[in-house]
$ cat work.pdb   # PDB, C-alpha atoms
MODEL        1
ATOM      1  CA  MET A   1      11.275 151.764 155.237
ATOM      2  CA  ILE A   2      13.377 148.622 154.978
ATOM      3  CA  SER A   3      16.359 150.099 156.846
ATOM      4  CA  SER A   4      14.433 150.662 160.078
ATOM      5  CA  LYS A   5      12.480 147.406 159.817
ATOM      6  CA  LEU A   6      15.708 145.487 159.198
ATOM      7  CA  ARG A   7      17.357 147.018 162.264
ATOM      8  CA  GLU A   8      14.295 146.490 164.452
ATOM      9  CA  ARG A   9      13.920 142.845 163.426
ATOM     10  CA  ARG A  10      17.637 142.100 163.921
ATOM     11  CA  LYS A  11      17.602 143.595 167.407
ATOM     12  CA  ALA A  12      14.359 141.793 168.285
ATOM     13  CA  LEU A  13      16.126 138.497 167.535
ATOM     14  CA  GLY A  14      19.193 139.547 169.531
ATOM     15  CA  LEU A  15      21.518 139.308 166.529
ATOM     16  CA  THR A  16      24.675 141.362 166.096
ATOM     17  CA  LEU A  17      25.662 142.900 162.773
ATOM     18  CA  GLU A  18      28.334 140.216 162.461
ATOM     19  CA  GLU A  19      25.886 137.376 163.070
ATOM     20  CA  LEU A  20      23.385 138.601 160.497
ATOM     21  CA  ALA A  21      26.187 139.194 157.993
ATOM     22  CA  ALA A  22      27.453 135.638 158.498
ATOM     23  CA  ARG A  23      23.965 134.206 157.945
ATOM     24  CA  ILE A  24      23.666 135.743 154.493
ATOM     25  CA  GLY A  25      27.344 135.608 153.556
ATOM     26  CA  THR A  26      28.160 139.325 153.469
ATOM     27  CA  SER A  27      30.087 141.826 155.588
ATOM     28  CA  LYS A  28      29.160 143.653 158.772
ATOM     29  CA  GLN A  29      29.778 146.921 156.928
ATOM     30  CA  THR A  30      27.194 146.037 154.272
ATOM     31  CA  ILE A  31      24.544 145.249 156.899
ATOM     32  CA  HIS A  32      25.348 148.551 158.600
ATOM     33  CA  ARG A  33      24.843 150.406 155.309
ATOM     34  CA  TYR A  34      21.522 148.606 154.790
ATOM     35  CA  GLU A  35      20.364 149.676 158.251
ATOM     36  CA  ASN A  36      21.388 153.341 158.002
ATOM     37  CA  GLY A  37      19.890 153.731 154.535
ATOM     38  CA  GLN A  38      23.161 154.229 152.656
ATOM     39  CA  ILE A  39      22.078 151.290 150.462
ATOM     40  CA  SER A  40      18.353 151.664 149.875
ATOM     41  CA  ASN A  41      17.910 149.817 146.584
ATOM     42  CA  ILE A  42      18.611 146.327 147.944
ATOM     43  CA  PRO A  43      18.388 143.624 145.230
ATOM     44  CA  PRO A  44      15.371 141.290 145.565
ATOM     45  CA  GLU A  45      17.560 138.230 146.154
ATOM     46  CA  LYS A  46      19.255 140.020 149.040
ATOM     47  CA  VAL A  47      15.882 140.984 150.531
ATOM     48  CA  GLU A  48      14.833 137.331 150.353
ATOM     49  CA  ALA A  49      18.062 136.218 152.034
ATOM     50  CA  LEU A  50      17.637 138.803 154.788
ATOM     51  CA  ALA A  51      14.039 137.737 155.354
ATOM     52  CA  GLU A  52      15.100 134.089 155.598
ATOM     53  CA  ALA A  53      17.887 134.932 158.061
ATOM     54  CA  LEU A  54      15.536 137.055 160.163
ATOM     55  CA  ARG A  55      12.726 134.475 160.056
ATOM     56  CA  THR A  56      10.217 136.803 158.471
ATOM     57  CA  THR A  57       9.010 137.595 154.929
ATOM     58  CA  PRO A  58      10.268 139.974 152.236
ATOM     59  CA  ALA A  59       6.892 141.734 152.371
ATOM     60  CA  ALA A  60       7.233 142.327 156.107
ATOM     61  CA  LEU A  61      10.733 143.779 155.686
ATOM     62  CA  MET A  62       9.611 146.033 152.841
ATOM     63  CA  GLY A  63       6.615 147.240 154.864
ATOM     64  CA  TRP A  64       4.035 146.289 152.248
ATOM     65  CA  GLN A  65       0.406 146.090 153.260
ATOM     66  CA  GLY A  66      -0.862 142.589 153.947
ATOM     67  CA  ALA A  67       2.634 141.413 154.808
ATOM     68  CA  GLY A  68       1.255 138.474 156.729
ATOM     69  CA  GLU A  69       2.542 136.709 159.776
ATOM     70  CA  GLU A  70       6.151 136.095 160.687
ATOM     71  CA  ARG A  71       7.629 132.710 160.015
ATOM     72  CA  PRO A  72       7.741 130.306 162.960
ATOM     73  CA  GLN A  73      10.754 130.652 165.203
ATOM     74  CA  ILE A  74      13.476 128.178 164.229
ATOM     75  CA  PRO A  75      16.020 127.201 166.903
ATOM     76  CA  THR A  76      19.567 128.425 166.288
ATOM     77  CA  LYS A  77      22.878 128.058 168.058
ATOM     78  CA  ARG A  78      26.036 130.139 168.359
ATOM     79  CA  LEU A  79      29.298 128.791 166.888
ATOM     80  CA  PRO A  80      32.740 130.418 167.049
ATOM     81  CA  LEU A  81      34.182 131.585 163.729
ATOM     82  CA  LEU A  82      37.791 130.517 164.232
ATOM     83  CA  GLY A  83      39.261 132.120 161.139
ATOM     84  CA  ARG A  84      40.180 131.434 157.530
ATOM     85  CA  ILE A  85      41.054 128.080 156.025
ATOM     86  CA  ALA A  86      42.702 127.584 152.648
ATOM     87  CA  CYS A  87      40.927 126.100 149.667
ATOM     88  CA  GLY A  88      44.161 125.929 147.706
ATOM     89  CA  ALA A  89      47.663 125.906 149.140
ATOM     90  CA  PRO A  90      47.644 125.654 152.943
ATOM     91  CA  ILE A  91      47.599 128.988 154.755
ATOM     92  CA  PHE A  92      47.942 129.984 158.366
ATOM     93  CA  ALA A  93      44.551 129.754 160.060
ATOM     94  CA  VAL A  94      43.979 133.307 161.262
ATOM     95  CA  SER A  95      41.837 133.376 164.397
ATOM     96  CA  GLU A  96      38.901 135.786 164.380
ATOM     97  CA  TYR A  97      38.522 136.146 168.105
ATOM     98  CA  GLY A  98      35.098 137.338 169.167
ATOM     99  CA  SER A  99      33.409 136.415 165.874
ATOM    100  CA  PHE A 100      30.498 134.010 165.749
ATOM    101  CA  CYS A 101      28.029 132.473 163.336
ATOM    102  CA  THR A 102      24.448 131.584 164.227
ATOM    103  CA  PRO A 103      23.327 128.632 162.087
ATOM    104  CA  TYR A 104      20.146 126.672 162.590
ATOM    105  CA  ALA A 105      20.387 124.273 165.529
ATOM    106  CA  ASP A 106      20.112 121.146 163.376
ATOM    107  CA  ILE A 107      23.622 121.705 161.980
ATOM    108  CA  ASP A 108      25.802 119.299 163.998
ATOM    109  CA  ALA A 109      28.948 121.424 164.164
ATOM    110  CA  ASP A 110      31.334 122.721 166.816
ATOM    111  CA  PHE A 111      32.896 125.672 165.003
ATOM    112  CA  CYS A 112      33.059 127.288 161.593
ATOM    113  CA  LEU A 113      35.731 128.624 159.263
ATOM    114  CA  ALA A 114      35.754 131.050 156.357
ATOM    115  CA  ALA A 115      36.981 129.414 153.143
ATOM    116  CA  CYS A 116      39.782 131.125 151.248
ATOM    117  CA  GLY A 117      40.658 130.117 147.667
ATOM    118  CA  ASP A 118      39.158 127.995 144.909
ATOM    119  CA  SER A 119      40.475 124.445 145.271
ATOM    120  CA  MET A 120      37.110 123.119 146.505
ATOM    121  CA  ILE A 121      34.788 124.672 143.931
ATOM    122  CA  GLY A 122      33.877 121.203 142.620
ATOM    123  CA  ALA A 123      32.261 120.600 146.009
ATOM    124  CA  ARG A 124      30.460 123.966 145.704
ATOM    125  CA  ILE A 125      32.671 125.564 148.359
ATOM    126  CA  PHE A 126      33.800 128.970 147.142
ATOM    127  CA  ASP A 127      36.047 131.737 148.400
ATOM    128  CA  GLY A 128      34.320 133.474 151.310
ATOM    129  CA  ASP A 129      31.895 130.659 152.113
ATOM    130  CA  ILE A 130      31.382 129.729 155.763
ATOM    131  CA  VAL A 131      32.156 126.037 156.376
ATOM    132  CA  PHE A 132      30.724 124.350 159.466
ATOM    133  CA  ILE A 133      33.036 121.813 161.106
ATOM    134  CA  ARG A 134      32.288 119.000 163.565
ATOM    135  CA  ALA A 135      35.397 118.423 165.665
ATOM    136  CA  GLN A 136      36.836 114.904 165.230
ATOM    137  CA  ASP A 137      40.290 113.498 164.564
ATOM    138  CA  THR A 138      39.354 110.974 161.858
ATOM    139  CA  VAL A 139      37.029 110.943 158.840
ATOM    140  CA  GLU A 140      35.961 108.354 156.282
ATOM    141  CA  ASN A 141      37.770 108.226 152.955
ATOM    142  CA  GLY A 142      36.280 110.733 150.557
ATOM    143  CA  GLU A 143      34.883 113.033 153.237
ATOM    144  CA  ILE A 144      35.862 116.705 153.343
ATOM    145  CA  ALA A 145      37.809 117.787 156.406
ATOM    146  CA  ALA A 146      39.625 120.725 157.899
ATOM    147  CA  VAL A 147      43.233 119.564 158.208
ATOM    148  CA  ALA A 148      46.144 121.183 160.032
ATOM    149  CA  ILE A 149      49.564 120.806 158.415
ATOM    150  CA  GLY A 150      52.034 122.078 160.979
ATOM    151  CA  ASP A 151      50.877 125.624 161.783
ATOM    152  CA  GLU A 152      48.818 125.873 158.602
ATOM    153  CA  ALA A 153      45.371 124.621 157.684
ATOM    154  CA  THR A 154      43.505 123.552 154.584
ATOM    155  CA  LEU A 155      40.144 122.105 153.519
ATOM    156  CA  LYS A 156      40.345 118.952 151.362
ATOM    157  CA  ARG A 157      38.880 115.508 150.705
ATOM    158  CA  VAL A 158      40.759 112.977 152.816
ATOM    159  CA  TYR A 159      41.979 109.540 151.715
ATOM    160  CA  PHE A 160      44.007 107.533 154.233
ATOM    161  CA  TYR A 161      45.638 104.178 153.447
ATOM    162  CA  PRO A 162      46.979 102.705 156.723
ATOM    163  CA  GLU A 163      48.554  99.686 155.024
ATOM    164  CA  LYS A 164      50.735 102.107 153.031
ATOM    165  CA  ASN A 165      51.031 104.664 155.845
ATOM    166  CA  LYS A 166      49.868 107.196 153.287
ATOM    167  CA  LEU A 167      47.505 110.179 153.404
ATOM    168  CA  ILE A 168      46.176 112.059 150.386
ATOM    169  CA  LEU A 169      44.452 115.423 150.671
ATOM    170  CA  SER A 170      42.605 115.888 147.424
ATOM    171  CA  PRO A 171      41.252 119.184 146.014
ATOM    172  CA  GLU A 172      38.035 119.582 144.034
ATOM    173  CA  ASN A 173      39.605 121.647 141.265
ATOM    174  CA  PRO A 174      41.719 120.070 138.497
ATOM    175  CA  LYS A 175      44.221 122.923 138.475
ATOM    176  CA  TYR A 176      45.482 121.811 141.911
ATOM    177  CA  GLU A 177      47.569 118.720 142.688
ATOM    178  CA  PRO A 178      46.733 116.478 145.663
ATOM    179  CA  LEU A 179      48.853 116.826 148.796
ATOM    180  CA  VAL A 180      50.489 113.489 149.648
ATOM    181  CA  PHE A 181      52.029 112.525 153.002
ATOM    182  CA  ILE A 182      53.894 109.259 153.612
ATOM    183  CA  GLY A 183      55.536 107.716 156.677
ATOM    184  CA  GLU A 184      56.951 110.210 159.143
ATOM    185  CA  GLU A 185      55.426 113.099 157.180
ATOM    186  CA  LEU A 186      52.106 112.090 158.732
ATOM    187  CA  ASN A 187      53.355 113.375 162.094
ATOM    188  CA  SER A 188      52.896 116.950 160.854
ATOM    189  CA  VAL A 189      49.271 116.388 159.801
ATOM    190  CA  LYS A 190      46.214 116.497 162.057
ATOM    191  CA  ILE A 191      42.544 116.314 161.134
ATOM    192  CA  LEU A 192      40.653 119.078 162.923
ATOM    193  CA  GLY A 193      37.166 117.980 161.982
ATOM    194  CA  LYS A 194      34.680 116.990 159.320
ATOM    195  CA  ALA A 195      32.951 119.577 157.120
ATOM    196  CA  VAL A 196      29.228 118.982 157.688
ATOM    197  CA  ALA A 197      27.664 122.018 155.985
ATOM    198  CA  TYR A 198      28.481 125.308 154.336
ATOM    199  CA  GLN A 199      26.847 128.664 153.847
ATOM    200  CA  SER A 200      27.427 130.296 150.493
ATOM    201  CA  ARG A 201      28.506 133.885 150.089
ATOM    202  CA  LEU A 202      25.962 135.966 148.189
ATOM    203  CA  LEU A 203      27.417 137.889 145.251
TER     204      LEU A 203
ENDMDL
END
$ encode --input "work.pdb" --output "structure tokens"
Amino acid sequence: MISSKLRERRKALGLTLEELAARIGTSKQTIHRYENGQISNIPPEKVEALAEALRTTPAALMGWQGAGEERPQIPTKRLPLLGRIACGAPIFAVSEYGSFCTPYADIDADFCLAACGDSMIGARIFDGDIVFIRAQDTVENGEIAAVAIGDEATLKRVYFYPEKNKLILSPENPKYEPLVFIGEELNSVKILGKAVAYQSRLL
């Protein structure tokens, strides 16, 4: 039965409910319902995502005969999930203390954030996606960054023009206007890091 195999495989890899949920872009509660059998008719695309996250095959999770061998172990690392970041108007970055994501080790990031809003949909970053951030205080023009504005934070493309002492934070959705900072207004803005990857939420 997939519920018991899912639980056994997750525990064998040392993953928490939260970590597995973050890998496939769903909630801890949903994973719990999968494992206790409350949701038994799991859609095929979800089974594939779970198999990928657990480094095995859909056949092995489903318990079919001739399931084959497990996939080779792929190195992962543990990153703190610091909270939510706005893809729209800036919002307060709510810390999710004790929460972590476990991406593959080749993602060069220091922490991750959960996207909130729709201003970056042109960059394929949607509400609920996990965005992996490499900590740095500058980025190249046109790169996407997590940016603190006072006590708030947002995710935008950054364009800085030092000769004009001007910073533009540009959305990837035409219904939003760019955020523009000039002169002393720049003192309230700080780049937290560059967005290097994202993990889409499964619908």
$ closest_residue --input "work.pdb" --among "A:Ala135, A:Leu13, A:Ile85, A:Ala148" --to "Asp118 in chain A" --atoms "all atoms listed in the file"
A:Ile85
$ closest_residue --input "work.pdb" --among "A:Arg84, A:Gly122, A:Ala21, A:Glu184" --to "Ala153 in chain A" --atoms "all atoms listed in the file"
A:Arg84
$ resolve_selection --input "work.pdb" --expression "the PyMOL selection byres ((chain A and resi 110) around 6)" --output "list in words"
Ala109, Phe111 and Arg134 of chain A
$ axis_aligned_box --input "work.pdb" --around "range 28-32 of chain A" --padding-each-side "4 Å" --output "lines of an AutoDock Vina configuration file"
center_x = 27.2
center_y = 146.1
center_z = 156.5
size_x = 13.2
size_y = 12.9
size_z = 12.5
$ resolve_selection --input "work.pdb" --expression "the PyMOL selection byres ((chain A and resi 162-168) around 7)" --output "ChimeraX atom specification"
/A:158-161,169-170,178-183
$ closest_residue --input "work.pdb" --among "A:Ala59, A:Ala115, A:Leu50, A:Leu186" --to "Asp129 in chain A" --atoms "all atoms listed in the file"
A:Ala115
$ resolve_selection --input "work.pdb" --expression "the PyMOL selection byres ((chain A and resi 136) around 10)" --output "ChimeraX atom specification"
/A:110,133-135,137-139,145-146,191-194
$ write_last_selection --input "work.pdb" --atoms "C-alpha atoms" --output "compact mmCIF listing (two decimals), keeping the file's coordinate frame"
# COMPACT_ATOMS: atom_id res chain seq x y z
CA ASP A 110 31.33 122.72 166.82
CA ILE A 133 33.04 121.81 161.11
CA ARG A 134 32.29 119.00 163.56
CA ALA A 135 35.40 118.42 165.66
CA ASP A 137 40.29 113.50 164.56
CA THR A 138 39.35 110.97 161.86
CA VAL A 139 37.03 110.94 158.84
CA ALA A 145 37.81 117.79 156.41
CA ALA A 146 39.62 120.72 157.90
CA ILE A 191 42.54 116.31 161.13
CA LEU A 192 40.65 119.08 162.92
CA GLY A 193 37.17 117.98 161.98
CA LYS A 194 34.68 116.99 159.32
$ atom_distance --input "work.pdb" --atom1 "CA of Glu19 in chain A" --atom2 "CA of Leu54 in chain A"
10.8 Å
$ atom_distance --input "work.pdb" --atom1 "CA of Ala22 in chain A" --atom2 "CA of Ser99 in chain A"
9.5 Å
$ residues_around --input "work.pdb" --residues "Met62 in chain A" --least-positions-apart "4" --cutoff "10 Å" --atoms "all atoms listed in the file" --output "list in words"
Met1, Ile2, Ser3, Ser4, Lys5, Leu6, Val47, Ala51, Thr57, Pro58 and Ala67 of chain A
$ write_last_selection --input "work.pdb" --atoms "C-alpha atoms" --output "PDB file, in the frame of the given file"
ATOM      1  CA  MET A   1      11.275 151.764 155.237  1.00  0.00           C
ATOM      2  CA  ILE A   2      13.377 148.622 154.978  1.00  0.00           C
ATOM      3  CA  SER A   3      16.359 150.099 156.846  1.00  0.00           C
ATOM      4  CA  SER A   4      14.433 150.662 160.078  1.00  0.00           C
ATOM      5  CA  LYS A   5      12.480 147.406 159.817  1.00  0.00           C
ATOM      6  CA  LEU A   6      15.708 145.487 159.198  1.00  0.00           C
ATOM      7  CA  VAL A  47      15.882 140.984 150.531  1.00  0.00           C
ATOM      8  CA  ALA A  51      14.039 137.737 155.354  1.00  0.00           C
ATOM      9  CA  THR A  57       9.010 137.595 154.929  1.00  0.00           C
ATOM     10  CA  PRO A  58      10.268 139.974 152.236  1.00  0.00           C
ATOM     11  CA  ALA A  67       2.634 141.413 154.808  1.00  0.00           C
TER      12      ALA A  67
END
$ closest_residue --input "work.pdb" --among "A:Glu48, A:Ala197, A:Lys175, A:Ile24" --to "Cys112 in chain A" --atoms "all atoms listed in the file"
A:Ala197
$ atom_distance --input "work.pdb" --atom1 "CA of Asp151 in chain A" --atom2 "CA of Leu113 in chain A"
15.6 Å
$ closest_residue --input "work.pdb" --among "A:Gln29, A:Thr56, A:Gln38, A:Ser119" --to "Leu155 in chain A" --atoms "all atoms listed in the file"
A:Ser119
$ closest_residue --input "work.pdb" --among "A:Ser27, A:Thr154, A:Leu15, A:Pro43" --to "Val131 in chain A" --atoms "all atoms listed in the file"
A:Thr154
